>>> print(open('my_file07.txt').read())   # compact mmCIF, C-alpha atoms
# COMPACT_ATOMS: atom_id res chain seq x y z
CA MET A 30 2.10 -0.61 -16.16
CA ARG A 31 -1.37 -1.99 -16.72
CA TYR A 32 -3.40 1.01 -17.87
CA PHE A 33 -7.15 1.46 -18.36
CA GLU A 34 -6.78 0.11 -21.93
CA ASP A 35 -5.13 -3.09 -20.65
CA ILE A 36 -7.97 -4.08 -18.31
CA ASP A 37 -10.55 -6.43 -19.88
CA VAL A 38 -14.14 -6.77 -18.73
CA GLY A 39 -14.52 -10.40 -17.62
CA GLU A 40 -11.01 -10.75 -16.15
CA THR A 41 -11.18 -12.81 -12.94
CA GLU A 42 -8.64 -13.61 -10.26
CA THR A 43 -8.74 -15.35 -6.88
CA VAL A 44 -6.15 -14.52 -4.22
CA GLY A 45 -5.50 -15.36 -0.57
CA ASP A 46 -5.27 -16.66 2.08
CA TYR A 47 -5.72 -14.29 5.04
CA GLU A 48 -6.21 -15.93 8.42
CA VAL A 49 -8.42 -13.94 10.78
CA THR A 50 -7.51 -14.22 14.47
CA ALA A 51 -9.50 -13.34 17.59
CA ALA A 52 -6.74 -10.89 18.57
CA GLU A 53 -7.01 -8.98 15.28
CA ILE A 54 -10.83 -8.95 15.42
CA LYS A 55 -10.71 -7.36 18.89
CA GLU A 56 -7.90 -4.95 18.03
CA PHE A 57 -9.71 -3.58 14.94
CA ALA A 58 -13.00 -3.37 16.82
CA SER A 59 -11.57 -1.59 19.84
CA ARG A 60 -10.39 1.16 17.52
CA TYR A 61 -13.13 1.41 14.88
CA ASP A 62 -16.21 -0.62 15.82
CA PRO A 63 -16.45 -1.17 19.59
CA GLN A 64 -19.70 -3.14 19.65
CA PRO A 65 -19.91 -5.99 22.19
CA PHE A 66 -20.11 -8.82 19.61
CA HIS A 67 -16.77 -7.69 18.12
CA LEU A 68 -14.96 -7.09 21.42
CA ASP A 69 -15.23 -10.14 23.65
CA GLU A 70 -16.38 -13.74 23.52
CA GLU A 71 -18.70 -13.50 26.51
CA SER A 72 -20.78 -10.57 25.23
CA ALA A 73 -20.75 -12.10 21.75
CA ALA A 74 -22.27 -15.32 23.11
CA ASP A 75 -25.41 -13.32 23.97
CA SER A 76 -25.66 -11.73 20.50
CA VAL A 77 -27.48 -13.00 17.40
CA PHE A 78 -24.12 -14.34 16.26
CA GLY A 79 -23.54 -16.49 19.38
CA GLU A 80 -19.78 -16.02 19.07
CA LEU A 81 -17.14 -13.38 18.41
CA VAL A 82 -17.44 -11.95 14.86
CA ALA A 83 -15.29 -9.53 12.89
CA SER A 84 -16.51 -5.97 12.24
CA GLY A 85 -17.91 -5.61 8.75
CA TRP A 86 -15.49 -2.75 8.12
CA HIS A 87 -12.68 -5.06 9.19
CA VAL A 88 -13.79 -7.74 6.71
CA GLY A 89 -13.92 -5.14 3.94
CA SER A 90 -10.47 -3.83 4.91
CA ILE A 91 -9.05 -7.37 4.75
CA CYS A 92 -10.48 -7.70 1.22
CA MET A 93 -8.80 -4.40 0.35
CA ARG A 94 -5.48 -5.80 1.57
CA LEU A 95 -5.93 -8.94 -0.55
CA ASN A 96 -6.85 -6.74 -3.50
CA VAL A 97 -3.81 -4.46 -3.16
CA ASP A 98 -1.51 -7.47 -2.83
CA ARG A 99 -2.74 -8.90 -6.14
CA LEU A 100 -2.20 -5.62 -8.04
CA ASP A 101 0.81 -5.87 -10.31
CA ASP A 102 1.70 -2.39 -11.55
CA GLU A 103 -1.94 -1.50 -12.16
CA ALA A 104 -2.26 2.23 -12.90
CA VAL A 105 -4.78 2.87 -10.11
CA LEU A 106 -5.15 6.59 -9.40
CA ALA A 107 -7.81 6.52 -6.69
CA GLY A 108 -10.82 4.70 -5.29
CA VAL A 109 -14.16 6.17 -6.34
CA GLY A 110 -16.83 4.22 -4.49
CA LEU A 111 -18.58 1.00 -3.51
CA ASP A 112 -22.02 -0.27 -4.46
CA ASP A 113 -24.25 -3.08 -3.20
CA LEU A 114 -22.01 -4.13 -0.34
CA ARG A 115 -23.51 -7.02 1.65
CA TRP A 116 -22.13 -8.80 4.67
CA GLU A 117 -23.50 -12.19 3.75
CA ARG A 118 -22.06 -14.36 6.54
CA PRO A 119 -20.23 -13.70 9.80
CA VAL A 120 -16.42 -13.97 9.90
CA THR A 121 -15.19 -15.68 13.07
CA PRO A 122 -11.76 -16.40 14.59
CA GLY A 123 -9.82 -18.98 12.59
CA ASP A 124 -11.59 -18.22 9.31
CA THR A 125 -9.31 -17.99 6.30
CA LEU A 126 -10.41 -15.51 3.64
CA ARG A 127 -9.78 -15.38 -0.09
CA LEU A 128 -10.86 -12.68 -2.53
CA ARG A 129 -12.40 -13.34 -5.92
CA THR A 130 -12.39 -10.40 -8.32
CA GLU A 131 -14.12 -9.97 -11.66
CA VAL A 132 -13.96 -6.85 -13.81
CA THR A 133 -17.57 -6.07 -14.67
CA GLY A 134 -17.36 -2.70 -16.41
CA LYS A 135 -15.16 0.14 -17.64
CA ARG A 136 -15.77 3.56 -19.15
CA PRO A 137 -13.55 6.49 -20.05
CA SER A 138 -13.90 9.67 -18.01
CA GLU A 139 -16.10 12.23 -19.76
CA SER A 140 -14.26 15.21 -18.30
CA ARG A 141 -10.61 14.04 -18.46
CA ASP A 142 -9.13 12.15 -21.40
CA ASP A 143 -6.23 10.76 -19.34
CA ARG A 144 -8.30 8.49 -17.09
CA GLY A 145 -11.19 6.06 -16.88
CA TYR A 146 -13.36 4.12 -14.45
CA VAL A 147 -13.07 0.37 -13.83
CA THR A 148 -15.71 -1.51 -11.82
CA THR A 149 -14.78 -4.82 -10.19
CA ARG A 150 -17.08 -7.29 -8.46
CA MET A 151 -15.40 -8.39 -5.24
CA GLU A 152 -16.33 -11.50 -3.27
CA GLY A 153 -14.66 -12.41 0.01
CA ARG A 154 -15.00 -16.15 0.62
CA ASN A 155 -14.13 -18.29 3.63
CA GLN A 156 -12.37 -21.67 3.82
CA ASP A 157 -15.67 -23.42 2.96
CA ASP A 158 -15.96 -21.29 -0.20
CA GLU A 159 -18.96 -19.43 1.27
CA VAL A 160 -19.29 -15.76 0.34
CA VAL A 161 -18.91 -13.64 3.49
CA ILE A 162 -18.90 -10.21 1.80
CA SER A 163 -19.61 -8.96 -1.71
CA PHE A 164 -19.51 -5.55 -3.34
CA ASP A 165 -18.82 -3.63 -6.54
CA ALA A 166 -15.75 -1.40 -6.27
CA THR A 167 -15.09 1.39 -8.76
CA ALA A 168 -11.61 2.84 -9.19
CA LEU A 169 -10.04 5.50 -11.37
CA PHE A 170 -7.29 4.23 -13.69
CA ALA A 171 -4.78 6.18 -15.77
CA ARG A 172 -5.10 5.77 -19.55
CA ARG A 173 -2.04 4.72 -21.53
CA PRO A 174 -0.05 7.84 -22.41
CA GLU A 175 0.04 8.53 -26.18
CA MET B 6 -33.33 0.19 24.71
CA ARG B 7 -34.23 1.99 21.47
CA TYR B 8 -35.93 -0.69 19.40
CA PHE B 9 -36.96 -0.73 15.73
CA GLU B 10 -40.27 0.88 16.71
CA ASP B 11 -38.47 3.77 18.43
CA ILE B 12 -36.45 4.85 15.39
CA ASP B 13 -38.10 7.56 13.27
CA VAL B 14 -37.44 8.17 9.59
CA GLY B 15 -36.01 11.70 9.37
CA GLU B 16 -34.06 11.56 12.64
CA THR B 17 -30.74 13.34 12.21
CA GLU B 18 -27.67 13.65 14.38
CA THR B 19 -24.17 15.09 13.96
CA VAL B 20 -21.28 13.79 16.06
CA GLY B 21 -17.52 14.21 16.26
CA ASP B 22 -14.76 15.26 16.20
CA TYR B 23 -12.14 12.71 15.13
CA GLU B 24 -8.72 14.08 14.31
CA VAL B 25 -6.87 12.13 11.63
CA THR B 26 -3.08 12.00 12.02
CA ALA B 27 -0.37 11.06 9.52
CA ALA B 28 0.73 8.28 11.88
CA GLU B 29 -2.74 6.70 11.95
CA ILE B 30 -3.11 7.02 8.15
CA LYS B 31 0.16 5.14 7.63
CA GLU B 32 -0.56 2.54 10.31
CA PHE B 33 -3.96 1.64 8.86
CA ALA B 34 -2.58 1.59 5.31
CA SER B 35 0.41 -0.58 6.14
CA ARG B 36 -2.00 -3.21 7.41
CA TYR B 37 -4.98 -2.95 5.07
CA ASP B 38 -4.27 -0.73 2.08
CA PRO B 39 -0.54 -0.49 1.33
CA GLN B 40 -0.72 1.78 -1.71
CA PRO B 41 2.05 4.42 -2.05
CA PHE B 42 -0.25 7.45 -1.61
CA HIS B 43 -1.39 6.13 1.79
CA LEU B 44 2.05 5.09 3.06
CA ASP B 45 4.52 7.93 2.75
CA GLU B 46 4.60 11.62 1.93
CA GLU B 47 7.19 11.38 -0.84
CA SER B 48 5.37 8.79 -2.92
CA ALA B 49 2.09 10.59 -2.26
CA ALA B 50 3.56 13.81 -3.69
CA ASP B 51 3.78 12.06 -7.09
CA SER B 52 0.16 10.81 -6.97
CA VAL B 53 -3.01 12.53 -8.21
CA PHE B 54 -3.55 13.62 -4.60
CA GLY B 55 -0.19 15.43 -4.32
CA GLU B 56 -0.04 14.60 -0.60
CA LEU B 57 -0.60 11.80 1.88
CA VAL B 58 -4.27 10.71 1.97
CA ALA B 59 -6.15 8.26 4.17
CA SER B 60 -7.31 4.93 2.74
CA GLY B 61 -10.98 5.00 1.82
CA TRP B 62 -11.56 1.99 4.05
CA HIS B 63 -9.90 3.90 6.88
CA VAL B 64 -12.23 6.88 6.37
CA GLY B 65 -15.23 4.54 6.41
CA SER B 66 -13.94 2.83 9.56
CA ILE B 67 -13.55 6.22 11.29
CA CYS B 68 -17.19 6.98 10.42
CA MET B 69 -18.15 3.62 11.91
CA ARG B 70 -16.36 4.58 15.12
CA LEU B 71 -18.20 7.93 15.26
CA ASN B 72 -21.45 6.08 14.60
CA VAL B 73 -20.92 3.49 17.34
CA ASP B 74 -20.00 6.22 19.83
CA ARG B 75 -23.29 8.03 19.19
CA LEU B 76 -25.42 4.90 19.72
CA ASP B 77 -27.23 5.04 23.03
CA ASP B 78 -28.65 1.61 23.81
CA GLU B 79 -29.84 1.14 20.23
CA ALA B 80 -30.98 -2.45 19.71
CA VAL B 81 -28.64 -3.08 16.76
CA LEU B 82 -28.36 -6.80 15.99
CA ALA B 83 -26.04 -6.68 12.97
CA GLY B 84 -24.89 -4.72 9.95
CA VAL B 85 -26.52 -5.74 6.69
CA GLY B 86 -24.85 -3.71 3.96
CA LEU B 87 -23.81 -0.43 2.36
CA ASP B 88 -25.09 1.26 -0.79
CA ASP B 89 -23.87 4.14 -2.92
CA LEU B 90 -20.64 4.73 -1.04
CA ARG B 91 -18.60 7.56 -2.57
CA TRP B 92 -15.25 8.93 -1.47
CA GLU B 93 -16.01 12.51 -2.41
CA ARG B 94 -12.84 14.28 -1.22
CA PRO B 95 -9.45 13.14 0.10
CA VAL B 96 -8.81 13.04 3.86
CA THR B 97 -5.36 14.34 4.78
CA PRO B 98 -3.33 14.57 8.01
CA GLY B 99 -4.78 17.11 10.42
CA ASP B 100 -8.33 16.82 9.07
CA THR B 101 -11.01 16.61 11.73
CA LEU B 102 -14.02 14.51 10.81
CA ARG B 103 -17.61 14.64 11.95
CA LEU B 104 -20.45 12.28 11.03
CA ARG B 105 -23.94 13.39 10.05
CA THR B 106 -26.58 10.68 10.15
CA GLU B 107 -30.15 10.72 8.87
CA VAL B 108 -32.54 7.79 9.07
CA THR B 109 -33.97 7.45 5.56
CA GLY B 110 -35.98 4.23 5.73
CA LYS B 111 -37.19 1.30 7.84
CA ARG B 112 -39.11 -1.88 7.16
CA PRO B 113 -39.98 -4.94 9.24
CA SER B 114 -38.32 -8.24 8.32
CA GLU B 115 -40.62 -10.41 6.19
CA SER B 116 -39.22 -13.66 7.54
CA ARG B 117 -38.79 -12.85 11.27
CA ASP B 118 -41.30 -10.86 13.30
CA ASP B 119 -38.74 -9.95 15.99
CA ARG B 120 -36.56 -7.70 13.81
CA GLY B 121 -36.50 -5.02 11.14
CA TYR B 122 -34.19 -3.09 8.80
CA VAL B 123 -33.17 0.55 9.34
CA THR B 124 -31.35 2.49 6.61
CA THR B 125 -29.30 5.55 7.57
CA ARG B 126 -27.66 8.07 5.25
CA MET B 127 -24.16 8.72 6.55
CA GLU B 128 -22.02 11.73 5.64
CA GLY B 129 -18.48 12.18 6.87
CA ARG B 130 -17.55 15.87 6.79
CA ASN B 131 -14.26 17.64 7.39
CA GLN B 132 -13.50 20.80 9.40
CA ASP B 133 -14.62 22.93 6.42
CA ASP B 134 -17.99 21.13 6.40
CA GLU B 135 -17.12 19.45 3.07
CA VAL B 136 -18.45 15.92 2.56
CA VAL B 137 -15.51 13.51 2.30
CA ILE B 138 -17.51 10.26 2.25
CA SER B 139 -21.20 9.41 1.94
CA PHE B 140 -23.11 6.14 1.99
CA ASP B 141 -26.36 4.45 2.96
CA ALA B 142 -25.90 1.91 5.76
CA THR B 143 -28.55 -0.70 6.51
CA ALA B 144 -28.64 -2.45 9.89
CA LEU B 145 -30.85 -5.05 11.52
CA PHE B 146 -32.63 -3.87 14.67
CA ALA B 147 -34.55 -5.85 17.27
CA ARG B 148 -38.27 -5.09 17.55
CA ARG B 149 -39.72 -4.20 20.93
CA PRO B 150 -40.64 -7.42 22.77
CA GLU B 151 -44.44 -7.76 23.34
>>> encode(input="my_file07.txt", output="C-alpha cells")
Amino acid sequence: MRYFEDIDVGETETVGDYEVTAAEIKEFASRYDPQPFHLDEESAADSVFGELVASGWHVGSICMRLNVDRLDDEAVLAGVGLDDLRWERPVTPGDTLRLRTEVTGKRPSESRDDRGYVTTRMEGRNQDDEVVISFDATALFARRPE
Amino acid sequence: MRYFEDIDVGETETVGDYEVTAAEIKEFASRYDPQPFHLDEESAADSVFGELVASGWHVGSICMRLNVDRLDDEAVLAGVGLDDLRWERPVTPGDTLRLRTEVTGKRPSESRDDRGYVTTRMEGRNQDDEVVISFDATALFARRPE
C-alpha cells in the first residue's frame, strides 16, 4: 500500500486517454444535467457553445475515472473536497481527455493520528493539450501502521 | 426569461426530493468512480464508511439535476466553476436529497457587456436536514437585451 507517508509533494503523473462520445454526453446529461446545450445538437447550435458540449459534472466525473484508474494501492480513505474548480474550455464529441495530476500539499490530521490530508492539482486536457478543467482535490489517506 | 438583472443576491430556494438507491450508486461508480466503497456492500463494510456510499461526484451530479429542475427560464449561458466544495457527510442507499440554493454574489462581465457572473451557495441536505455536500457555483448569465 502507498500510505500518507509514501506520497511526495511534487509527484506528477499523466494518464489517459478517455474518448468522449455524443451518446455518452447526452446520456449523462439526460440524467444529471438536462440543459439544452448538453442534450441535442440542434438546441446546442443556438447556445454560446454553438455545438453539443459535455456537462461540467460529466467532465469532472471522467477525470475522477482517470484518477481512480491510475491509483495503484493508494491508501485513500475518502474524498474531502474540491477547490478552485474551473471549466476552462468546452468538451465536445470526439474529444479525447487525459488527466495530469500533481501533489501540491499534505498534512497530518490534527484530530486522528492514523490519517492525513493530501491535496492534488488535477488538470483535464484534450487531444490538443488544452486544459478543459482544473481543480484542487483533497483526499484523506491512511498513515502507515506502526 | 430571468436575466442577470432579474437575479437578486439573497434569493433562496429549496427543491427536491431525490431518492438515492444502491443500484444507482453502483451504476454511477462502475462508470466514473470504481472504488470499493462505492461498488459493493461487502467491500464497503471494511472501509471507513462501514457501508456502501455514493461517489462524491455522484452526489454533486444529483445536486446539479435538482438545480436544473428548479430553473425556470433562467438565462444561463454556461457554468464557470466551483469553489469550496466539501463532502460533509456520506450519502447512503435510501437517503433522500434536497438542494438549498442561495444567491451570494453577482457581477457584470468586464470584457462583454451582454453577460454577467452569478454565484450561488449550494447545500445538498438529506432527509434529516443534515448537509451532505456544500459548494459555491458560479455561472454565466445573459444580461437583459436593451
>>> atom_distance(input="my_file07.txt", atom1="CA of Asp133 (chain B)", atom2="CA of Asp51 (chain B)")
25.3 Å
>>> interface_residues(input="my_file07.txt", of="chain A", to="chain B", cutoff="10 Å", atoms="all atoms listed in the file", output="count of residues only")
48
>>> residues_around(input="my_file07.txt", residues="region 131-139 of chain A", least_positions_apart="5", cutoff="6 Å", atoms="only C-alpha atoms", output="PyMOL selection string")
chain A and resi 38-41+144-150
>>> write_last_selection(input="my_file07.txt", atoms="C-alpha atoms", output="PDB file, keeping the file's coordinate frame")
ATOM      1  CA  VAL A  38     -14.140  -6.770 -18.730  1.00  0.00           C
ATOM      2  CA  GLY A  39     -14.520 -10.400 -17.620  1.00  0.00           C
ATOM      3  CA  GLU A  40     -11.010 -10.750 -16.150  1.00  0.00           C
ATOM      4  CA  THR A  41     -11.180 -12.810 -12.940  1.00  0.00           C
ATOM      5  CA  ARG A 144      -8.300   8.490 -17.090  1.00  0.00           C
ATOM      6  CA  GLY A 145     -11.190   6.060 -16.880  1.00  0.00           C
ATOM      7  CA  TYR A 146     -13.360   4.120 -14.450  1.00  0.00           C
ATOM      8  CA  VAL A 147     -13.070   0.370 -13.830  1.00  0.00           C
ATOM      9  CA  THR A 148     -15.710  -1.510 -11.820  1.00  0.00           C
ATOM     10  CA  THR A 149     -14.780  -4.820 -10.190  1.00  0.00           C
ATOM     11  CA  ARG A 150     -17.080  -7.290  -8.460  1.00  0.00           C
TER      12      ARG A 150
END
>>> atom_distance(input="my_file07.txt", atom1="CA of Arg127 (chain A)", atom2="CA of Gly45 (chain A)")
4.3 Å
>>> atom_distance(input="my_file07.txt", atom1="CA of Glu56 (chain A)", atom2="CA of Leu126 (chain A)")
18.0 Å
>>> residues_around(input="my_file07.txt", residues="Ala83 (chain A)", least_positions_apart="2", cutoff="7 Å", atoms="all atoms listed in the file", output="PDB file with C-alpha atoms, in the coordinates of the input")
ATOM      1  CA  ILE A  54     -10.830  -8.950  15.420  1.00  0.00           C
ATOM      2  CA  HIS A  67     -16.770  -7.690  18.120  1.00  0.00           C
ATOM      3  CA  LEU A  81     -17.140 -13.380  18.410  1.00  0.00           C
ATOM      4  CA  GLY A  85     -17.910  -5.610   8.750  1.00  0.00           C
ATOM      5  CA  HIS A  87     -12.680  -5.060   9.190  1.00  0.00           C
ATOM      6  CA  VAL A  88     -13.790  -7.740   6.710  1.00  0.00           C
ATOM      7  CA  VAL A 120     -16.420 -13.970   9.900  1.00  0.00           C
ATOM      8  CA  THR A 121     -15.190 -15.680  13.070  1.00  0.00           C
TER       9      THR A 121
END
>>> residues_around(input="my_file07.txt", residues="Asp35 (chain A)", least_positions_apart="6", cutoff="10 Å", atoms="all atoms listed in the file", output="JSON, numbers by chain")
{"A": [103, 104, 172, 173]}
>>> closest_residue(input="my_file07.txt", among="A:Phe170, A:Glu80, A:Glu53, A:Asp102", to="Arg141 (chain A)", atoms="only C-alpha atoms")
A:Phe170
